[in-house]
Structure formats: structure tokens, C-alpha cells
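**Q** Coordinates in work22.pdb, PDB, C-alpha atoms, are listed below.
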```pdb
ATOM      1  CA  MET D   1     -37.848  -7.467 -30.950
ATOM      2  CA  ALA D   2     -35.110 -10.090 -30.901
ATOM      3  CA  LEU D   3     -31.516  -9.156 -31.621
ATOM      4  CA  VAL D   4     -30.164 -11.139 -34.574
ATOM      5  CA  LEU D   5     -26.470 -11.999 -34.410
ATOM      6  CA  GLU D   6     -25.065 -12.736 -37.822
ATOM      7  CA  THR D   7     -23.206 -16.025 -38.187
ATOM      8  CA  PRO D   8     -19.610 -14.693 -38.293
ATOM      9  CA  LEU D   9     -20.228 -12.580 -35.176
ATOM     10  CA  TRP D  10     -21.737 -15.237 -32.944
ATOM     11  CA  ARG D  11     -19.199 -17.817 -34.044
ATOM     12  CA  ALA D  12     -16.368 -15.404 -33.218
ATOM     13  CA  ARG D  13     -17.868 -14.723 -29.786
ATOM     14  CA  LYS D  14     -18.232 -18.441 -29.135
ATOM     15  CA  GLN D  15     -14.625 -19.092 -30.099
ATOM     16  CA  ALA D  16     -13.330 -16.148 -28.050
ATOM     17  CA  HIS D  17     -15.248 -17.318 -24.992
ATOM     18  CA  ARG D  18     -13.758 -20.793 -25.172
ATOM     19  CA  ALA D  19     -10.249 -19.451 -25.732
ATOM     20  CA  ARG D  20     -10.595 -17.149 -22.743
ATOM     21  CA  LEU D  21     -11.671 -19.993 -20.445
ATOM     22  CA  GLU D  22      -8.971 -22.319 -21.754
ATOM     23  CA  GLY D  23      -6.459 -19.641 -20.848
ATOM     24  CA  MET D  24      -7.797 -19.501 -17.297
ATOM     25  CA  ILE D  25      -8.338 -23.190 -16.545
ATOM     26  CA  GLY D  26      -6.462 -25.157 -19.196
ATOM     27  CA  GLY D  27      -3.513 -25.791 -16.892
ATOM     28  CA  TYR D  28      -5.806 -26.769 -14.039
ATOM     29  CA  LEU D  29      -7.672 -29.266 -16.250
ATOM     30  CA  ALA D  30      -4.404 -30.796 -17.424
ATOM     31  CA  GLY D  31      -3.376 -31.285 -13.822
ATOM     32  CA  ARG D  32      -6.712 -32.818 -12.953
ATOM     33  CA  ARG D  33      -6.429 -35.277 -15.833
ATOM     34  CA  ALA D  34      -3.034 -36.242 -14.437
ATOM     35  CA  GLY D  35      -4.634 -36.899 -11.051
ATOM     36  CA  ARG D  36      -3.227 -33.845  -9.259
ATOM     37  CA  ALA D  37      -5.428 -32.203  -6.647
ATOM     38  CA  HIS D  38      -5.323 -28.424  -6.265
ATOM     39  CA  PRO D  39      -6.652 -27.161  -2.917
ATOM     40  CA  VAL D  40      -7.277 -23.651  -4.229
ATOM     41  CA  GLU D  41      -8.751 -24.149  -7.696
ATOM     42  CA  ASP D  42     -10.571 -27.444  -7.007
ATOM     43  CA  PHE D  43     -13.004 -25.380  -4.936
ATOM     44  CA  LEU D  44     -14.200 -23.603  -8.068
ATOM     45  CA  PHE D  45     -15.494 -26.899  -9.464
ATOM     46  CA  THR D  46     -16.377 -28.873  -6.328
ATOM     47  CA  TYR D  47     -18.058 -26.345  -4.047
ATOM     48  CA  TYR D  48     -19.424 -24.611  -7.124
ATOM     49  CA  GLY D  49     -21.258 -27.306  -9.046
ATOM     50  CA  HIS D  50     -20.727 -25.977 -12.563
ATOM     51  CA  ARG D  51     -18.576 -28.346 -14.591
ATOM     52  CA  PRO D  52     -15.741 -26.949 -16.734
ATOM     53  CA  GLY D  53     -17.468 -28.116 -19.914
ATOM     54  CA  ARG D  54     -20.569 -26.129 -19.026
ATOM     55  CA  LEU D  55     -18.494 -23.086 -18.154
ATOM     56  CA  MET D  56     -16.832 -23.240 -21.565
ATOM     57  CA  GLY D  57     -20.175 -23.581 -23.333
ATOM     58  CA  TRP D  58     -21.293 -20.359 -24.983
ATOM     59  CA  HIS D  59     -24.770 -18.826 -24.902
ATOM     60  CA  PRO D  60     -25.807 -15.376 -26.115
ATOM     61  CA  GLY D  61     -28.552 -14.908 -23.511
ATOM     62  CA  ALA D  62     -32.261 -14.289 -23.799
ATOM     63  CA  GLY D  63     -33.807 -12.504 -26.753
ATOM     64  CA  VAL D  64     -30.997 -13.225 -29.207
ATOM     65  CA  VAL D  65     -31.316 -15.122 -32.493
ATOM     66  CA  LEU D  66     -28.227 -16.882 -33.818
ATOM     67  CA  ALA D  67     -28.510 -16.449 -37.563
ATOM     68  CA  GLY D  68     -28.181 -19.693 -39.462
ATOM     69  CA  ALA D  69     -27.917 -21.881 -36.355
ATOM     70  CA  ARG D  70     -29.932 -25.079 -36.039
ATOM     71  CA  ASP D  71     -30.167 -27.609 -33.213
ATOM     72  CA  PHE D  72     -28.059 -25.352 -30.992
ATOM     73  CA  GLY D  73     -29.040 -27.171 -27.806
ATOM     74  CA  PRO D  74     -31.967 -28.473 -25.768
ATOM     75  CA  ALA D  75     -32.814 -25.022 -24.386
ATOM     76  CA  TYR D  76     -33.169 -23.601 -27.897
ATOM     77  CA  LYS D  77     -35.817 -23.598 -30.575
ATOM     78  CA  ASP D  78     -35.293 -23.181 -34.287
ATOM     79  CA  THR D  79     -36.895 -20.247 -36.093
ATOM     80  CA  PRO D  80     -36.721 -19.211 -39.764
ATOM     81  CA  GLU D  81     -33.972 -16.736 -38.814
ATOM     82  CA  GLY D  82     -31.952 -19.129 -36.658
ATOM     83  CA  ALA D  83     -31.790 -20.624 -33.168
ATOM     84  CA  THR D  84     -32.971 -18.775 -30.056
ATOM     85  CA  LEU D  85     -33.621 -19.684 -26.447
ATOM     86  CA  ASP D  86     -37.096 -21.123 -25.890
ATOM     87  CA  LEU D  87     -38.222 -18.568 -23.317
ATOM     88  CA  ASP D  88     -41.823 -19.780 -23.341
ATOM     89  CA  THR D  89     -40.544 -23.006 -21.820
ATOM     90  CA  LEU D  90     -37.642 -21.736 -19.726
ATOM     91  CA  LEU D  91     -39.028 -18.664 -17.992
ATOM     92  CA  PRO D  92     -42.133 -20.117 -16.309
ATOM     93  CA  LYS D  93     -39.976 -22.833 -14.736
ATOM     94  CA  ARG D  94     -37.285 -20.461 -13.536
ATOM     95  CA  ALA D  95     -39.084 -17.234 -12.677
ATOM     96  CA  ALA D  96     -39.151 -17.876  -8.921
ATOM     97  CA  ALA D  97     -35.416 -18.651  -8.809
ATOM     98  CA  ILE D  98     -34.618 -15.585 -10.928
ATOM     99  CA  GLY D  99     -36.634 -13.425  -8.557
ATOM    100  CA  TRP D 100     -34.859 -14.851  -5.495
ATOM    101  CA  ILE D 101     -31.418 -14.268  -7.017
ATOM    102  CA  ARG D 102     -32.360 -10.767  -8.086
ATOM    103  CA  ASP D 103     -33.589  -9.785  -4.625
ATOM    104  CA  LEU D 104     -30.493 -11.204  -2.915
ATOM    105  CA  LEU D 105     -28.136  -9.356  -5.258
ATOM    106  CA  ALA D 106     -30.038  -6.086  -4.971
ATOM    107  CA  ALA D 107     -30.184  -6.310  -1.177
ATOM    108  CA  THR D 108     -26.452  -7.005  -0.980
ATOM    109  CA  ALA D 109     -25.700  -4.054  -3.258
ATOM    110  CA  SER D 110     -27.820  -1.739  -1.082
ATOM    111  CA  ARG D 111     -25.522  -2.089   1.940
ATOM    112  CA  PRO D 112     -22.145  -0.542   2.726
ATOM    113  CA  ALA D 113     -19.109  -2.815   2.582
ATOM    114  CA  HIS D 114     -17.870  -4.047   5.957
ATOM    115  CA  LEU D 115     -14.134  -4.692   6.040
ATOM    116  CA  GLY D 116     -13.513  -5.837   9.601
ATOM    117  CA  CYS D 117     -13.670  -9.629   9.309
ATOM    118  CA  PHE D 118     -10.019 -10.043   8.209
ATOM    119  CA  GLY D 119     -10.641 -13.497   6.771
ATOM    120  CA  MET D 120     -11.179 -15.174  10.135
ATOM    121  CA  HIS D 121     -13.818 -17.455   8.588
ATOM    122  CA  GLU D 122     -11.093 -19.786   7.271
ATOM    123  CA  TRP D 123      -9.487 -19.848  10.692
ATOM    124  CA  ALA D 124     -12.834 -20.676  12.290
ATOM    125  CA  MET D 125     -13.074 -23.695   9.973
ATOM    126  CA  VAL D 126      -9.977 -25.237  11.611
ATOM    127  CA  TYR D 127     -10.490 -23.849  15.128
ATOM    128  CA  ARG D 128      -9.538 -26.399  17.801
ATOM    129  CA  LEU D 129      -8.710 -29.069  15.192
ATOM    130  CA  GLU D 130      -5.440 -30.926  14.863
ATOM    131  CA  GLN D 131      -3.484 -30.888  11.593
ATOM    132  CA  ASP D 132      -4.785 -34.303  10.526
ATOM    133  CA  GLU D 133      -8.409 -33.231  11.106
ATOM    134  CA  VAL D 134      -8.512 -30.134   8.885
ATOM    135  CA  ARG D 135     -10.125 -30.033   5.449
ATOM    136  CA  HIS D 136      -6.831 -29.638   3.542
ATOM    137  CA  ALA D 137      -4.804 -31.985   5.731
ATOM    138  CA  ALA D 138      -2.217 -32.519   2.984
ATOM    139  CA  TRP D 139      -1.128 -28.910   3.430
ATOM    140  CA  PRO D 140       0.520 -27.702   6.646
ATOM    141  CA  LEU D 141      -0.865 -24.968   8.826
ATOM    142  CA  ARG D 142       1.300 -21.863   9.025
ATOM    143  CA  LEU D 143       0.925 -21.865  12.820
ATOM    144  CA  PRO D 144       0.514 -24.712  15.296
ATOM    145  CA  PRO D 145      -3.160 -25.514  16.029
ATOM    146  CA  GLU D 146      -2.994 -23.922  19.470
ATOM    147  CA  GLU D 147      -1.686 -20.671  17.963
ATOM    148  CA  VAL D 148      -4.410 -20.732  15.296
ATOM    149  CA  ALA D 149      -6.965 -21.013  18.091
ATOM    150  CA  ALA D 150      -5.295 -18.189  19.990
ATOM    151  CA  VAL D 151      -5.566 -15.887  16.960
ATOM    152  CA  VAL D 152      -9.284 -16.637  16.660
ATOM    153  CA  ASP D 153      -9.807 -16.094  20.394
ATOM    154  CA  ARG D 154      -7.915 -12.803  20.248
ATOM    155  CA  ARG D 155      -9.401 -11.386  17.037
ATOM    156  CA  GLY D 156     -12.934 -12.800  17.222
ATOM    157  CA  VAL D 157     -15.023 -13.770  14.179
ATOM    158  CA  ARG D 158     -17.324 -11.415  12.253
ATOM    159  CA  CYS D 159     -18.675 -13.500   9.379
ATOM    160  CA  SER D 160     -21.980 -12.567   7.743
ATOM    161  CA  HIS D 161     -21.957 -15.282   5.085
ATOM    162  CA  PHE D 162     -23.975 -18.400   5.882
ATOM    163  CA  ASP D 163     -22.183 -20.674   3.420
ATOM    164  CA  ALA D 164     -18.888 -19.916   5.163
ATOM    165  CA  PHE D 165     -20.364 -20.024   8.663
ATOM    166  CA  ARG D 166     -21.846 -23.490   8.159
ATOM    167  CA  PHE D 167     -18.306 -24.911   7.830
ATOM    168  CA  PHE D 168     -17.115 -23.489  11.155
ATOM    169  CA  THR D 169     -16.095 -26.049  13.742
ATOM    170  CA  PRO D 170     -18.700 -26.426  16.524
ATOM    171  CA  PRO D 171     -16.622 -24.534  19.125
ATOM    172  CA  ALA D 172     -16.062 -21.665  16.669
ATOM    173  CA  ARG D 173     -19.730 -20.993  15.899
ATOM    174  CA  PRO D 174     -20.616 -19.311  19.216
ATOM    175  CA  LEU D 175     -17.633 -16.981  18.752
ATOM    176  CA  ASN D 176     -19.166 -15.363  15.659
ATOM    177  CA  VAL D 177     -20.753 -11.995  16.450
ATOM    178  CA  VAL D 178     -23.684 -12.883  14.182
ATOM    179  CA  GLN D 179     -25.338 -16.232  13.568
ATOM    180  CA  PRO D 180     -26.116 -16.286   9.816
ATOM    181  CA  THR D 181     -28.954 -18.478   8.560
ATOM    182  CA  ARG D 182     -30.080 -19.582   5.120
ATOM    183  CA  GLU D 183     -33.454 -17.945   5.738
ATOM    184  CA  GLY D 184     -31.805 -14.652   6.645
ATOM    185  CA  GLN D 185     -29.279 -14.668   3.808
ATOM    186  CA  ARG D 186     -30.900 -11.799   1.933
ATOM    187  CA  ASP D 187     -30.780  -9.613   5.058
ATOM    188  CA  GLN D 188     -27.213 -10.504   6.048
ATOM    189  CA  GLU D 189     -24.953 -10.476   2.992
ATOM    190  CA  GLN D 190     -22.846  -7.394   2.312
ATOM    191  CA  PRO D 191     -20.534  -6.368  -0.546
ATOM    192  CA  GLY D 192     -17.283  -6.358   1.418
ATOM    193  CA  CYS D 193     -17.506 -10.118   1.952
ATOM    194  CA  LEU D 194     -15.110 -12.130  -0.195
ATOM    195  CA  HIS D 195     -17.518 -15.053  -0.354
ATOM    196  CA  ALA D 196     -20.505 -12.901  -1.340
ATOM    197  CA  ASN D 197     -18.460 -11.518  -4.220
ATOM    198  CA  MET D 198     -17.107 -14.939  -5.168
ATOM    199  CA  ASP D 199     -20.722 -16.173  -5.213
ATOM    200  CA  LEU D 200     -21.532 -13.841  -8.098
ATOM    201  CA  TYR D 201     -20.168 -16.693 -10.188
ATOM    202  CA  LYS D 202     -22.707 -19.071  -8.631
ATOM    203  CA  TRP D 203     -25.640 -16.776  -9.331
ATOM    204  CA  ALA D 204     -24.386 -16.159 -12.869
ATOM    205  CA  TYR D 205     -24.179 -19.833 -13.812
ATOM    206  CA  LYS D 206     -27.534 -20.497 -12.161
ATOM    207  CA  LEU D 207     -28.999 -17.900 -14.543
ATOM    208  CA  SER D 208     -27.322 -19.556 -17.543
ATOM    209  CA  PRO D 209     -28.190 -19.933 -20.419
ATOM    210  CA  LEU D 210     -30.523 -16.966 -19.952
ATOM    211  CA  ILE D 211     -27.621 -14.515 -19.625
ATOM    212  CA  PRO D 212     -24.584 -14.087 -21.880
ATOM    213  CA  ALA D 213     -21.781 -16.569 -21.297
ATOM    214  CA  GLU D 214     -19.305 -13.697 -21.280
ATOM    215  CA  LEU D 215     -20.893 -12.398 -18.055
ATOM    216  CA  VAL D 216     -20.622 -15.837 -16.450
ATOM    217  CA  ALA D 217     -16.944 -15.860 -17.433
ATOM    218  CA  ASP D 218     -16.430 -12.365 -15.996
ATOM    219  CA  CYS D 219     -17.850 -13.553 -12.658
ATOM    220  CA  PHE D 220     -15.723 -16.707 -12.779
ATOM    221  CA  ALA D 221     -12.563 -14.680 -13.403
ATOM    222  CA  LEU D 222     -13.258 -12.552 -10.329
ATOM    223  CA  ALA D 223     -14.148 -15.606  -8.225
ATOM    224  CA  ARG D 224     -10.867 -17.232  -9.206
ATOM    225  CA  GLU D 225      -8.889 -14.225  -7.963
ATOM    226  CA  ILE D 226     -10.908 -14.012  -4.763
ATOM    227  CA  ARG D 227     -10.429 -17.710  -4.037
ATOM    228  CA  ALA D 228      -6.673 -17.248  -4.216
ATOM    229  CA  VAL D 229      -6.752 -14.432  -1.664
ATOM    230  CA  ASP D 230      -9.202 -16.389   0.481
ATOM    231  CA  MET D 231      -6.681 -19.198   0.830
ATOM    232  CA  ARG D 232      -3.675 -16.889   1.110
ATOM    233  CA  ALA D 233      -5.345 -15.359   4.169
ATOM    234  CA  SER D 234      -6.177 -18.766   5.629
ATOM    235  CA  PRO D 235      -4.017 -20.505   8.244
ATOM    236  CA  TYR D 236      -2.776 -22.963   5.586
ATOM    237  CA  ASP D 237       0.712 -22.649   4.136
ATOM    238  CA  MET D 238       0.315 -22.857   0.355
ATOM    239  CA  ALA D 239       3.391 -20.874  -0.630
ATOM    240  CA  ALA D 240       4.728 -23.923  -2.475
ATOM    241  CA  LEU D 241       1.766 -23.618  -4.856
ATOM    242  CA  GLY D 242       2.555 -19.967  -5.530
ATOM    243  CA  TYR D 243       0.207 -18.474  -2.924
ATOM    244  CA  PRO D 244       2.261 -16.395  -0.465
ATOM    245  CA  PRO D 245       0.391 -15.786   2.791
ATOM    246  CA  VAL D 246      -1.597 -12.728   3.687
ATOM    247  CA  ALA D 247      -0.695 -12.894   7.370
ATOM    248  CA  VAL D 248      -3.939 -11.631   8.887
ATOM    249  CA  GLU D 249      -2.626 -12.501  12.346
ATOM    250  CA  THR D 250      -0.496  -9.319  11.978
ATOM    251  CA  ALA D 251      -1.526  -5.678  11.603
ATOM    252  CA  GLU D 252       0.231  -5.491   8.230
ATOM    253  CA  GLY D 253      -1.603  -8.575   6.980
ATOM    254  CA  ARG D 254      -4.955  -7.245   8.114
ATOM    255  CA  ALA D 255      -4.342  -3.996   6.233
ATOM    256  CA  GLU D 256      -3.404  -5.987   3.132
ATOM    257  CA  TYR D 257      -6.549  -8.096   3.428
ATOM    258  CA  ALA D 258      -8.775  -5.027   3.809
ATOM    259  CA  ALA D 259      -7.202  -3.537   0.681
ATOM    260  CA  PHE D 260      -8.085  -6.693  -1.223
ATOM    261  CA  GLN D 261     -11.642  -6.458   0.116
ATOM    262  CA  ARG D 262     -12.007  -2.891  -1.139
ATOM    263  CA  ASP D 263     -10.694  -3.824  -4.565
ATOM    264  CA  PHE D 264     -12.908  -6.878  -4.907
ATOM    265  CA  ALA D 265     -15.975  -4.975  -3.691
ATOM    266  CA  ALA D 266     -15.371  -2.256  -6.301
ATOM    267  CA  ARG D 267     -14.898  -4.805  -9.083
ATOM    268  CA  ALA D 268     -17.905  -6.857  -8.001
ATOM    269  CA  GLU D 269     -20.237  -3.857  -7.987
ATOM    270  CA  PRO D 270     -20.718  -3.568 -11.780
ATOM    271  CA  LEU D 271     -20.997  -7.357 -12.138
ATOM    272  CA  ARG D 272     -23.709  -7.455  -9.487
ATOM    273  CA  ALA D 273     -25.514  -4.588 -11.225
ATOM    274  CA  ARG D 274     -25.330  -6.371 -14.591
ATOM    275  CA  LEU D 275     -26.792  -9.534 -13.073
ATOM    276  CA  VAL D 276     -29.632  -7.562 -11.474
ATOM    277  CA  GLY D 277     -30.303  -5.871 -14.807
ATOM    278  CA  HIS D 278     -30.542  -9.207 -16.610
ATOM    279  CA  CYS D 279     -32.846 -10.561 -13.889
ATOM    280  CA  ASP D 280     -35.124  -7.532 -14.240
ATOM    281  CA  ALA D 281     -35.236  -7.962 -18.023
ATOM    282  CA  LEU D 282     -36.050 -11.653 -17.699
ATOM    283  CA  LEU D 283     -38.776 -11.102 -15.114
ATOM    284  CA  ALA D 284     -40.333  -8.446 -17.360
ATOM    285  CA  ARG D 285     -40.833 -11.179 -19.960
ATOM    286  CA  VAL D 286     -42.710 -13.527 -17.608
TER     287      VAL D 286
END
```
Before anything else, please render the file you have as C-alpha cells.
**A**
Amino acid sequence: MALVLETPLWRARKQAHRARLEGMIGGYLAGRRAGRAHPVEDFLFTYYGHRPGRLMGWHPGAGVVLAGARDFGPAYKDTPEGATLDLDTLLPKRAAAIGWIRDLLAATASRPAHLGCFGMHEWAMVYRLEQDEVRHAAWPLRLPPEEVAAVVDRRGVRCSHFDAFRFFTPPARPLNVVQPTREGQRDQEQPGCLHANMDLYKWAYKLSPLIPAELVADCFALAREIRAVDMRASPYDMAALGYPPVAVETAEGRAEYAAFQRDFAARAEPLRARLVGHCDALLARV
């Protein structure tokens, strides 16, 4: 039985969703229109391939009828009661991807959080590079390149996330205590990893429009916070942008980073569970 959302309710939810996202990214979009790059927030729309307009678009999710709506979008069909997602068309095409996402999220949730990496993945991405060779060359490193390398050599690298590992410099890769692969991703990801928790946003938008837009926005909001800490713990100096460093090269900084990991892992847990629940509900309809 489909849930029917009356017109005032779904319109209010749509408006609230857009207002929420404008509050989070309106300033960023204004800066982008003015031609200003932002090394922290650009990542949310370059590495993650979900355009701001799509993020702001509202969908109620599967099994919901929008009373009085017509021609709501190409993924929808019109019924006498209103518009609803055309699941007969969408689900057969996307069932395999939904199943893969569901299994990855459930496997990640089944493991304890490991908190001993201390953000060295960002350091491994600039290991043995000069300032003009690094990804964010417009922003200075907090330490000279030789000191960055010395920190990596001293601390080691313990990164379980393939999509971080693949950006390591060639001399940094053998230093990692594990060698993550795309094929082994489901067996390697764990809930203490900042990138695994940031990626909840990726899995959420890949499930869109089959899940509520509010859940996609919840995952984006967490990813935005995590990205800030990710770069604060990096060897880049972005204090001028309002990102004071988490100095993981010190014992105090490592303790601060681990505290962030615990907090993000706790906040990601219910989001991951909600995504798994939606995947299970969608697969039950196939």
C-alpha cells in the first residue's frame, strides 16, 4: 500500500529541503559563481559527482504518492492519486547496484571501529613530493616536504579505504600496512574510517531518487563536517580559510583526531542503518 502525502505536506517538505541545502552550500555556490576555488568544499562536488542542483532536488522515496502532482520528473509516473516513482521501470535496472551498496554498508557496520590511522592517508598523498607537485599546490604545507615525509616514516600508514589509498604517491603505497583493492572493498572498510563515513553521502545519492531526499541531505551534512576535519588533519595549512590544524604529528593532535573519529563513527551508525533498511525494502520489491 502506497503512502499518500497530501499536497501541503509534500510541498512543505520540498521547500524545507531546499532551504536546508541553501543554508549549507549557498555561500559556497556564490563563491564558485565568482570563480573562487575552495580546496575543502570543492571536493564535495568534484570527487563526489552529484551536482548541487541534484542535491537540492527533493524526492519522497519509493512507495510514496504525491497527491495532486503531475509530471513530477522522468523517474515518476502519474496515477489518479498523484505522481509516484515508477518502480516497475527503476528497480529492475538498479537491483544489482542496490544489492552491492547494501552488502558493503552492512559489512562495514558489522566491524569494530579502528582508530589508529590518525589521518596519515592525506600525508601519504603528498609523501616525497615538493610543494609545487602536491594536489592543492596553492596552499602551503604546514611542514617542509622532508618533515612531512619524516612524519609518515615515523608513524606509518594504516589506511583501509581503497579510494584514499589509490591517491597515495608511489613511494607511500608500500608503507601501508594493508593494500586495499576495489575487489576487496567490502571486506576491508570499517566504521572508524573518515572516508567510509563520508562515503555514506555517495551511497545515498546513488540510491536517489529511491530514498528520501532528507536522508541524502543528512549524509551530505555529515560528509561536509568530516571533509573539514580530513583537511584540518592533513599536512596543508588552511587556517586562513577557517580550518585550524589538527596536528596529528603530535600526541595531542592524534588524540583530537581519534575523538573526531569516535564522534563521526557514532553519528554515521544510524545513517548507515537507515540506508541498509531502505536497500532491504527496495530489494523486497524486486
**Q** So how many Å separate CA of Ala217 in chain D and CA of Asp237 in chain D, to one decimal?
**A** 28.7 Å
**Q** Using the file's own x, y and z axes, what box holds all listed atoms of range 110-123 of chain D with 8 Å on each side, keeping edges along x, y and z, and what are its centre and edge lengths in Å to one decimal, as AutoDock Vina command-line options?
**A**
```
--center_x -18.7 --center_y -10.2 --center_z 4.8 --size_x 34.3 --size_y 35.3 --size_z 27.8
```
**Q** Exactly which residues make up the result of the PyMOL selection byres ((chain D and resi 266) around 12) on this file, given as a list in words?
**A** Ala109, Pro112, Ala113, Pro191, Gly192, Cys193, Leu194, Asn197, Leu222, Ala259, Phe260, Gln261, Arg262, Asp263, Phe264, Ala265, Arg267, Ala268, Glu269, Pro270, Leu271, Arg272 and Ala273 of chain D
**Q** Can you tell me, as a count of residues only, what residues are no more than 12 Å from Tyr47 in chain D when counting all atoms listed in the file, ignoring any on the same chain fewer than 6 positions away?
**A** 12
**Q** Pick out the closest residue to Gly184 in chain D from this set: D:Leu241, D:Ala69, D:Leu210, D:Leu104. Count all atoms listed in the file.
**A**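 So, comparing all the options, the nearest one is D:Leu104.
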**Q** With a distance cut-off of 10 Å and only C-alpha atoms, select the neighbouring residues of Asp71 in chain D, excluding the residue or stretch itself and same-chain residues fewer than 5 positions from it, and output the selection as a PDB file with C-alpha atoms, in the coordinates of the input.
**A**
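Now in result_12.pdb:
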```
ATOM      1  CA  TYR D  76     -33.169 -23.601 -27.897  1.00  0.00           C
ATOM      2  CA  LYS D  77     -35.817 -23.598 -30.575  1.00  0.00           C
ATOM      3  CA  ASP D  78     -35.293 -23.181 -34.287  1.00  0.00           C
ATOM      4  CA  GLY D  82     -31.952 -19.129 -36.658  1.00  0.00           C
ATOM      5  CA  ALA D  83     -31.790 -20.624 -33.168  1.00  0.00           C
ATOM      6  CA  THR D  84     -32.971 -18.775 -30.056  1.00  0.00           C
TER       7      THR D  84
END
```
**Q** State, in Å with one decimal place, the distance from CA of Leu66 in chain D to CA of Gln15 in chain D.
**A** 14.3 Å
**Q** Tell me which residues come within 12 Å of (-31.9, -5.0, -5.6), as a list of chain:residue names, counting all atoms listed in the file in the file's coordinates.
**A**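 Every polymer residue passing the test: D:Gly99, D:Trp100, D:Ile101, D:Arg102, D:Asp103, D:Leu104, D:Leu105, D:Ala106, D:Ala107, D:Thr108, D:Ala109, D:Ser110, D:Arg111, D:Arg186, D:Asp187, D:Glu269, D:Arg272, D:Ala273, D:Arg274, D:Leu275, D:Val276, D:Gly277, D:His278, D:Cys279, D:Asp280.
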**Q** Considering only C-alpha atoms, state which residue in the set D:Ala213, D:Ala2, D:Ala172, D:Val178 is at the smallest distance from Arg18 in chain D.
**A**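 Checking each candidate against Arg18 in chain D, we get D:Ala213 as the closest.
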**Q** Could you rebuild range 126-146 of chain D with N, CA and C atoms and give it back as a CSV table (one decimal), keeping the file's coordinate frame?
**A**
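What landed in rebuild_7.csv:
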```csv
chain,number,residue,atom,x,y,z
D,126,VAL,N,-11.0,-24.3,11.1
D,126,VAL,CA,-10.0,-25.2,11.6
D,126,VAL,C,-9.8,-25.0,13.1
D,127,TYR,N,-10.6,-24.2,13.7
D,127,TYR,CA,-10.5,-23.8,15.1
D,127,TYR,C,-10.6,-25.1,16.0
D,128,ARG,N,-9.6,-25.3,16.8
D,128,ARG,CA,-9.5,-26.4,17.8
D,128,ARG,C,-9.4,-27.8,17.1
D,129,LEU,N,-9.0,-27.8,15.9
D,129,LEU,CA,-8.7,-29.1,15.2
D,129,LEU,C,-7.2,-29.3,15.1
D,130,GLU,N,-6.8,-30.6,15.1
D,130,GLU,CA,-5.4,-30.9,14.9
D,130,GLU,C,-5.1,-30.9,13.4
D,131,GLN,N,-3.9,-30.9,13.0
D,131,GLN,CA,-3.5,-30.9,11.6
D,131,GLN,C,-4.2,-32.0,10.8
D,132,ASP,N,-4.2,-33.2,11.3
D,132,ASP,CA,-4.8,-34.3,10.5
D,132,ASP,C,-6.3,-34.3,10.5
D,133,GLU,N,-7.0,-33.3,11.1
D,133,GLU,CA,-8.4,-33.2,11.1
D,133,GLU,C,-8.9,-32.1,10.2
D,134,VAL,N,-8.1,-31.3,9.7
D,134,VAL,CA,-8.5,-30.1,8.9
D,134,VAL,C,-8.9,-30.6,7.5
D,135,ARG,N,-9.6,-29.7,6.8
D,135,ARG,CA,-10.1,-30.0,5.4
D,135,ARG,C,-9.0,-30.3,4.5
D,136,HIS,N,-8.0,-29.5,4.5
D,136,HIS,CA,-6.8,-29.6,3.5
D,136,HIS,C,-5.6,-30.2,4.3
D,137,ALA,N,-5.8,-31.4,4.8
D,137,ALA,CA,-4.8,-32.0,5.7
D,137,ALA,C,-3.5,-32.2,5.0
D,138,ALA,N,-3.5,-32.3,3.7
D,138,ALA,CA,-2.2,-32.5,3.0
D,138,ALA,C,-1.3,-31.3,3.0
D,139,TRP,N,-1.9,-30.2,3.4
D,139,TRP,CA,-1.1,-28.9,3.4
D,139,TRP,C,-0.9,-28.4,4.9
D,140,PRO,N,0.3,-28.1,5.2
D,140,PRO,CA,0.5,-27.7,6.6
D,140,PRO,C,-0.1,-26.4,7.0
D,141,LEU,N,-0.4,-26.3,8.3
D,141,LEU,CA,-0.9,-25.0,8.8
D,141,LEU,C,0.4,-24.1,9.0
D,142,ARG,N,0.2,-22.8,8.8
D,142,ARG,CA,1.3,-21.9,9.0
D,142,ARG,C,1.7,-21.7,10.5
D,143,LEU,N,0.7,-22.0,11.4
D,143,LEU,CA,0.9,-21.9,12.8
D,143,LEU,C,0.5,-23.2,13.5
D,144,PRO,N,1.0,-23.5,14.6
D,144,PRO,CA,0.5,-24.7,15.3
D,144,PRO,C,-1.0,-24.5,15.7
D,145,PRO,N,-1.7,-25.6,15.8
D,145,PRO,CA,-3.2,-25.5,16.0
D,145,PRO,C,-3.5,-24.6,17.2
D,146,GLU,N,-2.7,-24.7,18.3
D,146,GLU,CA,-3.0,-23.9,19.5
D,146,GLU,C,-2.8,-22.4,19.2
```
